[in-house]
Structure formats: structure tokens, C-alpha cells
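Pasted below: query_14.txt, compact mmCIF, C-alpha atoms and all ligand atoms.
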# COMPACT_ATOMS: atom_id res chain seq x y z
CA MET K 1 -14.85 17.66 2.19
CA ALA K 2 -17.48 15.01 2.44
CA ASN K 3 -18.94 14.77 5.91
CA ILE K 4 -18.16 11.10 6.44
CA ALA K 5 -14.42 11.63 5.88
CA ALA K 6 -14.17 14.56 8.32
CA GLN K 7 -16.26 12.82 10.97
CA ARG K 8 -14.21 9.67 10.73
CA ILE K 9 -10.91 11.54 11.02
CA LYS K 10 -12.26 13.31 14.10
CA ARG K 11 -13.07 9.97 15.75
CA GLU K 12 -9.72 8.47 14.75
CA PHE K 13 -7.87 11.50 15.93
CA ARG K 14 -9.35 11.27 19.41
CA GLU K 15 -8.58 7.55 19.51
CA VAL K 16 -4.91 7.90 18.47
CA VAL K 17 -4.17 10.89 20.65
CA THR K 18 -5.55 9.22 23.76
CA SER K 19 -4.07 5.77 23.23
CA GLU K 20 -1.22 4.53 25.38
CA GLU K 21 0.32 3.02 22.31
CA VAL K 22 1.24 6.51 21.19
CA GLN K 23 3.86 6.66 23.91
CA ARG K 24 4.98 3.06 23.56
CA CYS K 25 5.35 2.91 19.79
CA ALA K 26 6.38 6.50 19.32
CA ILE K 27 3.65 7.48 16.88
CA LYS K 28 2.12 10.94 16.80
CA LEU K 29 -0.69 12.64 14.92
CA GLU K 30 -1.42 16.37 14.66
CA LEU K 31 -3.97 18.44 12.79
CA VAL K 32 -2.64 20.86 10.19
CA ASN K 33 -5.95 22.55 9.38
CA ASP K 34 -9.45 22.75 10.89
CA SER K 35 -11.13 20.89 8.06
CA PHE K 36 -9.42 17.56 8.90
CA THR K 37 -8.11 17.24 5.33
CA GLU K 38 -4.46 17.44 6.22
CA LEU K 39 -2.53 15.99 9.14
CA ARG K 40 1.03 15.69 10.25
CA GLY K 41 2.22 12.31 11.44
CA GLU K 42 5.39 11.38 13.21
CA ILE K 43 6.97 7.97 13.73
CA GLY K 44 10.03 6.95 15.71
CA GLY K 45 12.56 4.67 14.03
CA PRO K 46 12.10 1.08 15.30
CA PRO K 47 14.74 -0.39 17.65
CA ASP K 48 17.55 -2.51 16.13
CA THR K 49 17.25 -0.76 12.76
CA PRO K 50 19.43 1.96 11.21
CA TYR K 51 16.51 4.34 11.93
CA GLU K 52 16.57 3.80 15.71
CA GLY K 53 16.63 7.03 17.70
CA ALA K 54 15.51 9.12 14.74
CA ASN K 55 12.08 10.73 14.19
CA TYR K 56 10.32 10.96 10.85
CA VAL K 57 7.67 13.51 9.93
CA LEU K 58 4.92 12.51 7.49
CA GLU K 59 2.54 14.59 5.39
CA ILE K 60 -0.93 13.02 5.40
CA LYS K 61 -3.63 14.20 2.98
CA VAL K 62 -7.12 12.81 3.45
CA PRO K 63 -9.21 12.46 0.27
CA GLU K 64 -12.92 13.30 0.24
CA THR K 65 -13.64 9.64 -0.36
CA TYR K 66 -11.84 8.49 2.82
CA PRO K 67 -12.11 5.81 4.26
CA PHE K 68 -13.11 4.21 0.95
CA ASN K 69 -9.79 5.35 -0.50
CA PRO K 70 -6.45 5.49 1.31
CA PRO K 71 -4.88 8.69 2.63
CA LYS K 72 -2.01 10.13 0.60
CA VAL K 73 1.12 9.88 2.71
CA ARG K 74 4.65 11.12 2.05
CA PHE K 75 7.83 11.40 4.14
CA VAL K 76 8.69 15.04 4.78
CA THR K 77 11.89 14.10 6.61
CA LYS K 78 14.57 12.95 4.20
CA ILE K 79 15.22 9.21 4.54
CA TRP K 80 17.43 6.52 2.93
CA HIS K 81 15.19 3.48 2.43
CA PRO K 82 14.51 1.19 -0.60
CA ASN K 83 10.74 1.77 -0.54
CA ILE K 84 10.82 5.54 0.00
CA SER K 85 12.05 8.06 -2.56
CA SER K 86 15.16 9.86 -1.27
CA VAL K 87 14.12 12.78 -3.50
CA THR K 88 10.36 13.23 -2.99
CA GLY K 89 9.56 11.11 0.08
CA ALA K 90 6.99 9.14 -1.96
CA ILE K 91 6.23 5.75 -0.41
CA CYS K 92 5.77 2.37 -2.08
CA LEU K 93 3.53 0.41 0.30
CA ASP K 94 0.66 -1.85 -0.80
CA ILE K 95 -1.86 -0.70 1.84
CA LEU K 96 -1.51 2.87 0.58
CA LYS K 97 -2.43 1.58 -2.89
CA ASP K 98 -4.40 -1.49 -3.91
CA GLN K 99 -4.35 -3.26 -0.54
CA TRP K 100 -6.16 -0.48 1.32
CA ALA K 101 -9.25 -1.59 3.27
CA ALA K 102 -11.96 0.70 4.65
CA ALA K 103 -11.49 -0.58 8.22
CA MET K 104 -7.89 0.69 8.30
CA THR K 105 -7.14 3.91 10.15
CA LEU K 106 -4.40 6.51 10.30
CA ARG K 107 -3.12 4.58 13.31
CA THR K 108 -2.73 1.37 11.28
CA VAL K 109 -1.05 3.39 8.51
CA LEU K 110 1.52 4.85 10.92
CA LEU K 111 2.20 1.43 12.45
CA SER K 112 2.58 -0.10 8.97
CA LEU K 113 5.09 2.58 8.02
CA GLN K 114 7.03 1.83 11.18
CA ALA K 115 7.01 -1.83 10.19
CA LEU K 116 8.25 -0.88 6.72
CA LEU K 117 11.25 0.83 8.32
CA ALA K 118 11.99 -2.42 10.16
CA ALA K 119 11.49 -4.68 7.12
CA ALA K 120 12.16 -3.20 3.68
CA GLU K 121 10.91 -4.82 0.46
CA PRO K 122 13.88 -4.29 -1.88
CA ASP K 123 12.20 -6.26 -4.68
CA ASP K 124 9.40 -3.71 -4.88
CA PRO K 125 11.49 -0.54 -4.66
CA GLN K 126 10.50 3.10 -4.83
CA ASP K 127 14.12 4.22 -4.99
CA ALA K 128 16.19 2.01 -7.30
CA VAL K 129 19.56 3.43 -6.19
CA VAL K 130 18.87 2.70 -2.52
CA ALA K 131 17.44 -0.74 -3.32
CA ARG K 132 20.57 -1.70 -5.24
CA GLN K 133 22.78 -0.68 -2.33
CA TYR K 134 20.48 -2.53 0.11
CA LYS K 135 20.88 -5.76 -1.87
CA GLU K 136 24.51 -5.52 -2.93
CA LYS K 137 26.20 -3.70 -0.04
CA ASN K 138 23.89 -4.09 2.91
CA ASP K 139 26.45 -3.02 5.54
CA LEU K 140 27.06 0.21 3.67
CA PHE K 141 23.31 0.68 3.24
CA ARG K 142 22.82 0.44 7.01
CA LEU K 143 25.59 2.95 7.69
CA THR K 144 24.15 5.33 5.09
CA ALA K 145 20.59 5.05 6.43
CA ARG K 146 21.88 5.72 9.92
CA HIS K 147 23.88 8.67 8.67
CA TRP K 148 20.80 10.18 7.00
CA GLY K 149 18.89 9.61 10.26
CA ALA K 150 21.54 11.61 12.13
CA ALA K 151 21.68 14.35 9.48
CA TYR K 152 17.93 14.89 8.98
CA ALA K 153 15.94 13.15 11.71
CA GLY K 154 17.75 13.78 14.99
CA GLY K 155 19.28 10.31 15.09
CA PRO K 156 22.56 9.39 16.80
CA ASP K 157 26.00 8.66 15.33
CA ARG K 158 27.10 11.12 12.72
CA ASN K 159 29.59 8.95 10.80
CA SER K 160 32.90 10.86 10.83
CA ASP K 161 34.28 9.19 7.71
CA PHE K 162 31.12 10.19 5.80
CA GLU K 163 31.25 13.67 7.33
CA ASN K 164 34.81 14.17 6.14
CA LYS K 165 33.92 13.21 2.60
CA ILE K 166 30.98 15.60 2.61
CA ARG K 167 33.26 18.38 3.88
CA ARG K 168 35.62 17.78 0.97
CA LEU K 169 32.75 18.38 -1.44
CA LEU K 170 31.55 21.43 0.53
CA ASP K 171 35.05 22.89 0.09
CA MET K 172 34.58 22.51 -3.65
CA GLY K 173 31.40 24.59 -3.44
CA VAL K 174 28.86 21.73 -3.52
CA GLU K 175 25.69 22.21 -1.45
CA GLU K 176 25.54 19.86 1.57
CA HIS K 177 22.46 17.83 0.67
CA LYS K 178 23.62 17.42 -2.93
CA ALA K 179 26.98 16.21 -1.66
CA ARG K 180 25.31 13.69 0.66
CA VAL K 181 23.07 12.37 -2.13
CA ALA K 182 25.96 12.00 -4.57
CA LEU K 183 28.18 10.21 -2.04
CA SER K 184 25.36 7.94 -0.83
CA SER K 185 24.43 7.05 -4.42
CA TYR K 186 28.04 6.15 -5.30
CA ASP K 187 28.64 4.04 -2.18
CA TRP K 188 30.74 6.85 -0.60
CA ASP K 189 33.31 6.72 -3.41
CA LEU K 190 34.51 10.35 -3.32
CA GLU K 191 36.08 10.22 -6.76
CA ARG K 192 33.00 8.92 -8.54
CA ALA K 193 30.67 11.26 -6.63
CA THR K 194 32.86 14.24 -7.59
CA GLU K 195 32.93 13.13 -11.20
CA GLN K 196 29.12 12.89 -11.29
CA LEU K 197 28.65 16.29 -9.60
CA PHE K 198 30.95 18.12 -12.01
CA SER K 199 30.12 16.30 -15.24
CA MET B 200 -18.64 -18.20 -41.83
CA ALA B 201 -20.50 -15.21 -40.43
CA ASP B 202 -22.42 -17.55 -38.12
CA TYR B 203 -19.26 -18.92 -36.63
CA PHE B 204 -18.03 -15.46 -35.63
CA SER B 205 -21.36 -14.20 -34.37
CA GLU B 206 -21.67 -17.32 -32.25
CA LEU B 207 -18.45 -16.35 -30.57
CA GLY B 208 -19.84 -12.91 -29.89
CA PHE B 209 -18.01 -11.08 -32.67
CA ARG B 210 -19.70 -8.33 -34.66
CA PRO B 211 -18.53 -6.07 -37.46
CA LEU B 212 -16.99 -2.78 -36.35
CA ALA B 213 -19.15 0.32 -36.72
CA GLU B 214 -17.88 3.08 -38.99
CA GLY B 215 -14.88 4.76 -37.38
CA GLU B 216 -14.86 2.28 -34.45
CA VAL B 217 -11.48 1.03 -33.30
CA PRO B 218 -11.26 -2.62 -32.21
CA ASP B 219 -10.72 -3.10 -28.47
CA HIS B 220 -7.52 -5.11 -28.74
CA GLY B 221 -7.21 -5.27 -24.97
CA ALA B 222 -10.58 -6.99 -24.56
CA HIS B 223 -9.73 -9.48 -27.32
CA LEU B 224 -6.41 -10.27 -25.73
CA LEU B 225 -8.01 -10.84 -22.32
CA ARG B 226 -10.60 -13.17 -23.82
CA LEU B 227 -7.93 -15.08 -25.70
CA LEU B 228 -5.87 -15.55 -22.55
CA ARG B 229 -8.90 -16.52 -20.49
CA ASP B 230 -10.14 -19.06 -23.04
CA SER B 231 -6.70 -20.57 -23.55
CA GLY B 232 -6.09 -20.93 -19.80
CA ASN B 233 -3.06 -18.62 -19.78
CA PHE B 234 -3.78 -17.36 -16.27
CA ASP B 235 -0.45 -15.80 -15.35
CA LEU B 236 -0.47 -13.53 -18.40
CA LEU B 237 -4.17 -12.84 -17.88
CA GLN B 238 -3.49 -11.67 -14.36
CA MET B 239 -0.65 -9.45 -15.55
CA PHE B 240 -2.84 -7.71 -18.13
CA VAL B 241 -5.78 -7.32 -15.76
CA GLU B 242 -3.48 -5.64 -13.24
CA LEU B 243 -2.01 -3.36 -15.92
CA ARG B 244 -5.52 -2.29 -16.93
CA GLY B 245 -6.42 -1.57 -13.28
CA GLU B 246 -3.69 1.11 -13.11
CA GLY B 247 -2.97 1.91 -9.50
CA GLY B 248 -6.44 1.54 -7.97
CA SER B 249 -7.66 -1.59 -6.29
CA SER B 250 -6.80 -4.65 -8.35
CA ALA B 251 -9.94 -6.48 -7.24
CA PRO B 252 -13.24 -5.53 -8.92
CA ALA B 253 -16.58 -4.68 -7.26
CA ALA B 254 -18.59 -7.42 -5.56
CA SER B 255 -21.38 -8.90 -7.68
CA LYS B 256 -24.66 -7.03 -7.29
CA ALA B 257 -26.53 -10.24 -6.51
CA ALA B 258 -24.10 -11.20 -3.74
CA VAL B 259 -24.37 -7.73 -2.17
CA GLN B 260 -28.19 -7.75 -2.22
CA ALA B 261 -28.15 -11.22 -0.64
CA LEU B 262 -26.20 -10.10 2.43
CA PRO B 263 -28.54 -10.61 5.40
CA LEU B 264 -29.94 -7.64 7.33
CA VAL B 265 -28.96 -8.02 10.99
CA GLN B 266 -29.58 -6.38 14.34
CA PRO B 267 -26.29 -5.12 15.76
CA LEU B 268 -25.53 -4.67 19.45
CA GLU B 269 -25.80 -1.07 20.51
CA ASN B 270 -22.39 -0.88 22.09
CA GLU B 271 -20.67 -2.12 18.94
CA ASN B 272 -19.37 0.20 16.25
CA CYS B 273 -19.06 0.03 12.50
CA ALA B 274 -15.43 -0.40 11.43
CA VAL B 275 -15.95 1.71 8.30
CA CYS B 276 -17.36 4.94 9.78
CA LEU B 277 -16.43 4.15 13.42
CA LYS B 278 -19.89 5.28 14.64
CA ASN B 279 -21.74 3.32 17.28
CA TYR B 280 -24.87 1.55 16.10
CA ASP B 281 -28.26 2.77 17.33
CA GLU B 282 -31.84 1.46 16.98
CA GLU B 283 -32.25 3.04 13.57
CA SER B 284 -29.07 1.53 12.13
CA GLN B 285 -29.63 -0.74 9.13
CA CYS B 286 -26.84 -3.30 9.17
CA ARG B 287 -25.71 -6.06 6.85
CA MET B 288 -23.57 -9.07 7.70
CA MET B 289 -20.82 -10.42 5.44
CA PRO B 290 -20.27 -14.23 5.12
CA CYS B 291 -17.31 -13.84 7.52
CA LYS B 292 -19.85 -12.54 10.14
CA HIS B 293 -18.45 -8.99 10.13
CA LYS B 294 -21.24 -6.41 10.35
CA PHE B 295 -21.39 -2.89 8.98
CA HIS B 296 -23.92 -0.14 8.31
CA GLN B 297 -25.67 -1.01 5.07
CA GLU B 298 -24.64 2.29 3.53
CA CYS B 299 -21.00 1.86 4.58
CA ILE B 300 -20.55 -1.71 3.33
CA PHE B 301 -22.51 -1.11 0.09
CA THR B 302 -20.30 1.86 -0.78
CA TRP B 303 -17.17 -0.22 -0.16
CA LEU B 304 -18.38 -3.27 -2.11
CA LYS B 305 -19.13 -1.10 -5.15
CA GLN B 306 -15.42 -0.53 -5.26
CA THR B 307 -13.89 -3.84 -4.26
CA ASN B 308 -15.14 -7.31 -3.35
CA SER B 309 -13.54 -8.06 0.02
CA CYS B 310 -14.45 -7.52 3.68
CA PRO B 311 -12.97 -4.21 4.97
CA ILE B 312 -11.79 -6.04 8.10
CA CYS B 313 -10.63 -9.54 7.13
CA ARG B 314 -10.51 -9.29 3.30
CA LYS B 315 -12.60 -12.42 2.76
CA GLU B 316 -13.90 -12.13 -0.78
CA LEU B 317 -17.41 -12.02 -2.24
CA PRO B 318 -18.01 -13.23 -5.81
CA THR B 319 -17.68 -10.62 -8.58
CA ASP B 320 -19.28 -10.11 -12.00
CA ASP B 321 -15.82 -9.89 -13.59
CA LEU B 322 -15.07 -12.95 -15.77
CA ASP B 323 -11.30 -12.39 -15.93
CA TYR B 324 -10.99 -11.91 -12.19
CA GLU B 325 -13.09 -15.02 -11.45
CA ALA B 326 -11.04 -17.09 -13.93
CA ILE B 327 -7.80 -16.08 -12.21
CA ARG B 328 -9.29 -16.71 -8.78
CA LYS B 329 -10.53 -20.21 -9.66
CA HIS B 330 -7.17 -21.01 -11.19
CA LYS B 331 -5.39 -19.95 -7.99
CA GLU B 332 -7.76 -22.02 -5.84
CA ARG B 333 -7.21 -25.09 -8.00
CA GLU B 334 -3.47 -24.56 -7.86
CA SER B 335 -3.36 -24.29 -4.06
CA GLU B 336 -5.62 -27.34 -3.75
CA ARG B 337 -3.26 -29.30 -6.00
CA ASN B 338 -0.27 -28.17 -3.97
CA GLN B 339 -1.95 -29.28 -0.76
CA GLN B 340 -2.80 -32.68 -2.24
CA LEU B 341 0.77 -33.07 -3.45
CA GLU B 342 2.09 -32.15 -0.05
CA SER B 343 -0.13 -34.59 1.83
CA LEU B 344 0.75 -37.31 -0.69
CA HIS B 345 4.40 -36.52 -0.16
CA ASN B 346 3.95 -36.59 3.63
CA SER B 347 2.14 -39.93 3.57
CA MET B 348 4.87 -41.45 1.43
CA PHE B 349 7.87 -40.20 3.33
CA SER B 350 6.83 -39.91 6.96
ZN ZN K 401 -20.76 2.63 9.27
ZN ZN K 402 -14.73 -10.02 7.51
When written as C-alpha cells, how does the structure in this file appear?
Ligand SMILES: [Zn+2]
Ligand SMILES: [Zn+2]
Amino acid sequence: MANIAAQRIKREFREVVTSEEVQRCAIKLELVNDSFTELRGEIGGPPDTPYEGANYVLEIKVPETYPFNPPKVRFVTKIWHPNISSVTGAICLDILKDQWAAAMTLRTVLLSLQALLAAAEPDDPQDAVVARQYKEKNDLFRLTARHWGAAYAGGPDRNSDFENKIRRLLDMGVEEHKARVALSSYDWDLERATEQLFS
Amino acid sequence: MADYFSELGFRPLAEGEVPDHGAHLLRLLRDSGNFDLLQMFVELRGEGGSSAPAASKAAVQALPLVQPLENENCAVCLKNYDEESQCRMMPCKHKFHQECIFTWLKQTNSCPICRKELPTDDLDYEAIRKHKERESERNQQLESLHNSMFS
């Protein structure tokens, strides 16, 4: 890896790890390898959002051309959000694409992702199914996002109605995550989710 | 008739050469003032990367060399400046190592900190930018006219 990228990550890393903000905003950064090309980020769900109380792990890959090009970031923890793929964790956020600027840091990236959890952009979706639910049935979207937070990210409130529906599908031999995806995608309509799973 | 076309910059295609329809379309849109469509096609051509082009070479060379304070650091590489540092200042007064800011401006035309733009050598981009500036000026004039009439 080019020297400038590694040296910059080293400086950033020291800065993030020692900052008070890390505690306050619940952001974390860890090295995955010694060459500073891959890091593991963690962000806490912002208060007053369906993600509150949950923790989300991020995979961060630093290109050789960093900081002239953005890091490649993906959610490892499964999440229900219009701008994040519920399948791959891929993120649709302008600063990770054409709005990147060389003065941005991994810290600003983590804070921007936290802001994205607090304010989705449903008109520029990464996951069309989630975006549709966000726009058309926002209450249900919030319950679903919270449920995913409890199931995958250590969040509170496992929704018992949702749990029961998932159990019904488990009894039919459907794998748990598949059941959750099908039910979430069909607005927790058990009949339609079953139909889709067995068609 | 040949003169008419060559005046417009047209030339016959070489053997086996395919016309660059994209370039023709962009020129057509630019010349006819169809800025919204122009912007759409420019963005499509950019595919993923930065949508803004590099800063113009002349503008980059004209950035003044400055003496930075030793306890300041460069926002691109995050290193502190020392006596040997060669630094350049952007019109917005933000300073960077020459090497750091030159590398960035080869890629895109705005300040890494505040995004204030330098001119580019890209005709399509400049046409869209001027159009946007005119539009926002017109909107401001309309608004102040409206305010003076109804306040
Ligand atoms: Zn520098
Ligand atoms: Zn600036």
C-alpha cells in the first residue's frame, strides 16, 4: 500500500481512539491487519431512532489512493434501512462516492453513517423494498428496523408479534433469516411471505 | 459545404473509425442551452467517480506559494508543516502541501476542506456551472423584487 495512505490511517487511528467523542457518540475503530488496509468500525444507533440501543459493525477497506479516494465501507451487521442493502450491507451515501473530499477522515465517515441512520434518504435508495416500506408504511418500517436491531445488533424490544410469525415459518422448515426477510419484505403478511417462500 | 462543417470543427471519419455520438450529443446540448439534459449526460459519462472534473492547469499553477505556521497541519496528509514544506493556498485561504493539493486537484476541482471550486478546462462542466449561477442569481433577484413589492 502506498506510504501516504498507511501513514494517514495511522495518524487518524490515534486521533479517533484517543478522542472523547468516541465515548460520547459511540463510535469505535479497530485495526484488522498490520498494514492499515482494513479496519473494523462500530457505530451505536442514534437516540430517538429505531436503531437506538443497537450496535452496528462496519467493514472498512482503505484503497492505496486514500485519502484521494474514499474508503470502501459496508455494514457487516444486518440492518433494515432504505440506504443500506439488507442483503449485502452496501451503502448508498454521497460522501462515499462522488462527494468525497480529501480532508475527510474515517471519523467523519463514521459520524456521517450515524447521521444516515438518523435521517434516511428514501428518494436515493440502496434497497428498494425497504425504501417503499419507509415511504408507504413508515410505522411498520420503524417497527421492522427496530426488530432487526434486536435480532442482529443487540438492540432492545424483540417484537413478539413478529417473533410469532417467524416461528410459524420456522415450523415449516424455513431458515430464520430467510423467514425474517420474507416477512419484512411483505409487511409482515404471513400469507404472502409463505407464498413467496414456497413458490 | 465542406467549409461550413470544417468551421464547426467536423472532419471526415478515418477508415474504420466510429463516430463519437456521445461527444456530438454533449456539444449539441451545450450549444442549444439544454443544461438539464447536458448535466444528466455528463453525470452518466462520469460513472461513479467524482462528478466534477480536474481543476484547470493554469488555475492550479497560479495558486500562491505560502509560508505555513509550523504548528499547523495539512488536512490532506495530516502531517505538521516544517521549514521545508512547500505549501500552496487556495482562493478560500485553505493551505496544503503543494504535493497534496496538486494530487487532489488533478482529480477534482474543489477545496478538500470547504469545496469551494476552482475553474476547470471542461467546457460542459463550465457551461452547466454558469447556467446554475445565472439561475440562482435570477431567483435571488426575483425574490428581492417580490419582497420589495409585498413587504
Ligand atoms: Zn499534506
Ligand atoms: Zn477551502
- Nearby polymer residues, ligand ZN 402 (chain K), at most 9 Å, all atoms listed in the file, as a list in words: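 These are the residues that qualify: Met288, Met289, Pro290, Cys291, Lys292, His293, Lys294, Ser309, Cys310, Pro311, Ile312, Cys313, Arg314, Lys315 and Glu316 of chain B.
Pocket residues of ligand ZN 401 (chain K), taken as those with any atom at most 7 Å away using only C-alpha atoms and all ligand atoms, are Cys273, Ala274, Val275, Cys276, Leu277, Lys278, Phe295, His296, Glu298 and Cys299 of chain B.
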- Query: With only C-alpha atoms as the atoms that count, which of K:Cys92, K:Ile84, K:Ala6, K:Ala101 lies nearest to chain B?
  - Reply: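 Comparing K:Cys92, K:Ile84, K:Ala6, K:Ala101 against chain B, the winner is K:Ala101.
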- Hey, can you check how far CA of Val73 (chain K) sits from CA of Lys61 (chain K)? 6.4 Å
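All residues that come within 7 Å of the coordinates (-24.3, 0.7, 19.2), counting all atoms listed in the file, are given as B:Leu268, B:Glu269, B:Asn270, B:Glu271, B:Asn272, B:Asn279, B:Tyr280, B:Asp281.
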- Message: What does the structure give for the distance between CA of Pro263 (chain B) and CA of Leu304 (chain B), in Å to one decimal?
- Response: 14.6 Å
- Task: Please measure the separation of CA of Arg180 (chain K) and CA of Asp127 (chain K), giving the value in Å to one decimal.
- Result: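 Interatomic distance here is 15.7 Å.
The shortest atom-to-atom distance to chain B, with only C-alpha atoms taken into account, belongs to K:Thr105 out of K:Thr49, K:Gln114, K:Thr37, K:Thr105.
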- Task: Could you check which of K:Tyr134, K:Trp80, K:Phe198, K:Phe68 is closest to Arg146 (chain K), using all atoms listed in the file?
- Result: K:Trp80
Residues of chain K no more than 6 Å from chain B, counting only C-alpha atoms: send them over as an mmCIF file with C-alpha atoms, keeping the file's coordinate frame.
data_model
loop_
_atom_site.group_PDB
_atom_site.id
_atom_site.type_symbol
_atom_site.label_atom_id
_atom_site.label_comp_id
_atom_site.auth_asym_id
_atom_site.auth_seq_id
_atom_site.Cartn_x
_atom_site.Cartn_y
_atom_site.Cartn_z
ATOM 1 C CA ARG K 8 -14.210 9.670 10.730
ATOM 2 C CA ASP K 98 -4.400 -1.490 -3.910
ATOM 3 C CA ALA K 101 -9.250 -1.590 3.270
ATOM 4 C CA ALA K 102 -11.960 0.700 4.650
ATOM 5 C CA ALA K 103 -11.490 -0.580 8.220
#
- Message: Can you pull out the residues contacting His147 (chain K)? Cut-off 8 Å, using all atoms listed in the file, and skip same-chain residues under 6 positions away; I want them as a VMD selection string.
- Response: chain K and resid 157 to 159 162
Residue selection dump (C-alpha atoms) as a PDB file, keeping the file's coordinate frame:
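As written to disk, selection05.pdb reads:
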ATOM      1  CA  ASP K 157      26.000   8.660  15.330  1.00  0.00           C
ATOM      2  CA  ARG K 158      27.100  11.120  12.720  1.00  0.00           C
ATOM      3  CA  ASN K 159      29.590   8.950  10.800  1.00  0.00           C
ATOM      4  CA  PHE K 162      31.120  10.190   5.800  1.00  0.00           C
TER       5      PHE K 162
END
